[in-house]
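Okay, structure first, notes after.
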Amino acid sequence: MGAAAAAVAVCGALVSVTGCRDAGGVREEGTAAVASAAPASPSASPPAPDAHPLGTGRSADPRAADAKAAADVVHLVQRDPKVAQDIRDSLVACPAPSAGAPARPGASADPYPVDPYPVDRRSGRLTGKDATDLVVNVSTCADSVGIGSYVYRRVDGGYVNVFADEQPPVFAEIDDGTLKVTHQVYEPQDTVSNPSGEDVTTYRWNGTRFEEVSFSHRDYDTDDGTGSGSHG
């Protein structure tokens with residue numbers, strides 16, 4: 001089953017959060033403008049006009065610095081016009097679990113909570129050997145279902161949106177200099193927590209944009225370690 005069918009199957013679980021989008025919600029972009037976010041610490045040189053500067057100030061408490069960095073990423077996504085409006089609207093802090101309820105995976109009880117928002121952020125080299133790129137995944141609070149994955153390229157002290165995939169369920173990560181995007185695949189009888197398989201698409205930066213270099217599919221219950229339906 002392809003990505004379009006997977007999106008239809010899982011749509012019922014997501015409709016209250018993001019609605020349902022048509023398949024093909026991948027944008028592989030070059031330098032794309034993003035909105036200005038909350039004021040951040042000054043950088044050494046002025047950022048490019050279409051780049052968003054994240055905070056660079058130092059803090060005596062590393063926990064506070066990490067929390068500030070996480071907040072900057074949330075503001076970046078919330079004010080990025082390249083991110084679908086419904087995702088920006090739904091990006092709010094996850095409620096604290098009620099007494100006796102299990103905590104959300106990764107949630108912190110620290111006085112400087114880093115991740116009250118359902119956002120996974122990681123940095124690495126995707127667009128060049130000297131690049132420091134940012135991969136951001138947005139998910140739902142209740143089920144941790146990925147609803148949007150983005151790549152921000154660092155340009156002149158700021159970040160520019162160069163890739164977006166908003167076809168849930170989705171998760172993007174850096175894999176040996178390439179961008180690996182995974183969509184879980186659902187059959188009609190599957191629950192959100194128990195997909196039948198996954199589609200994995202690998203992209204590589206060609207100097208101006210990300211281009212697909214490989215695709216593979218595997219079924220969780222029949223996978224022999226080699227996958228099926230791959231090309232690239």
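How things are named: the first chain in the structure tokens is A, the next is B, and so on; residues count from 1 in each chain; ligands count from 1 in the order shown.
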
Next on the checklist: List as a PyMOL selection string the protein and nucleic acid residues near stretch 140-146 of chain A, meaning an atom at most 6 Å away when only C-alpha atoms are counted, but skip any in the same chain fewer than 2 places from it.
Outcome noted: chain A and resi 94+118+138+148+168-171

How about saving the chosen residues, C-alpha atoms kept, as a PDB file, in the first residue's frame?
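That gives us result07.pdb:
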ATOM      1  CA  CYS A  94       1.397  19.168  25.391  1.00  0.00           C
ATOM      2  CA  PRO A 118       5.684  17.732  20.421  1.00  0.00           C
ATOM      3  CA  VAL A 138       6.292  17.826  14.557  1.00  0.00           C
ATOM      4  CA  GLY A 148       5.230  17.313   9.529  1.00  0.00           C
ATOM      5  CA  PRO A 168       1.322  11.923   7.992  1.00  0.00           C
ATOM      6  CA  PRO A 169       2.539   9.766   9.533  1.00  0.00           C
ATOM      7  CA  VAL A 170       6.055  11.017   8.799  1.00  0.00           C
ATOM      8  CA  PHE A 171       9.467  11.201  10.461  1.00  0.00           C
TER       9      PHE A 171
END

Next on the checklist: Report, in Å to a single decimal, how far apart atom CA of A:Arg88 and atom CA of A:Ser149 are.
Outcome noted: 12.4 Å

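Close contacts of stretch 119-121 of chain A, defined as residues with an atom at most 8 Å away when counting only C-alpha atoms, with chain neighbours fewer than 3 positions off set aside, comprise A:Ala70, A:Val73, A:Val74, A:Asp115, A:Leu134, A:Val135, A:Val136, A:Asn137, A:Val138, A:Ser139.
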
Output the selection as a CSV table (one decimal), in the first residue's frame - C-alpha atoms for each residue.
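selection.csv, written as the output of this step:
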chain,number,residue,atom,x,y,z
A,70,ALA,CA,14.0,24.3,21.9
A,73,VAL,CA,12.8,26.0,17.1
A,74,VAL,CA,9.1,26.0,18.1
A,115,ASP,CA,10.4,19.4,25.3
A,134,LEU,CA,18.3,21.5,11.4
A,135,VAL,CA,15.8,18.7,11.0
A,136,VAL,CA,12.5,19.3,12.8
A,137,ASN,CA,9.7,16.8,13.2
A,138,VAL,CA,6.3,17.8,14.6
A,139,SER,CA,4.0,15.2,16.0

Next on the checklist: Report, in Å to a single decimal, how far apart atom CA of A:Gly177 and atom CA of A:Arg154 are.
Outcome noted: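 So the answer is 15.3 Å.
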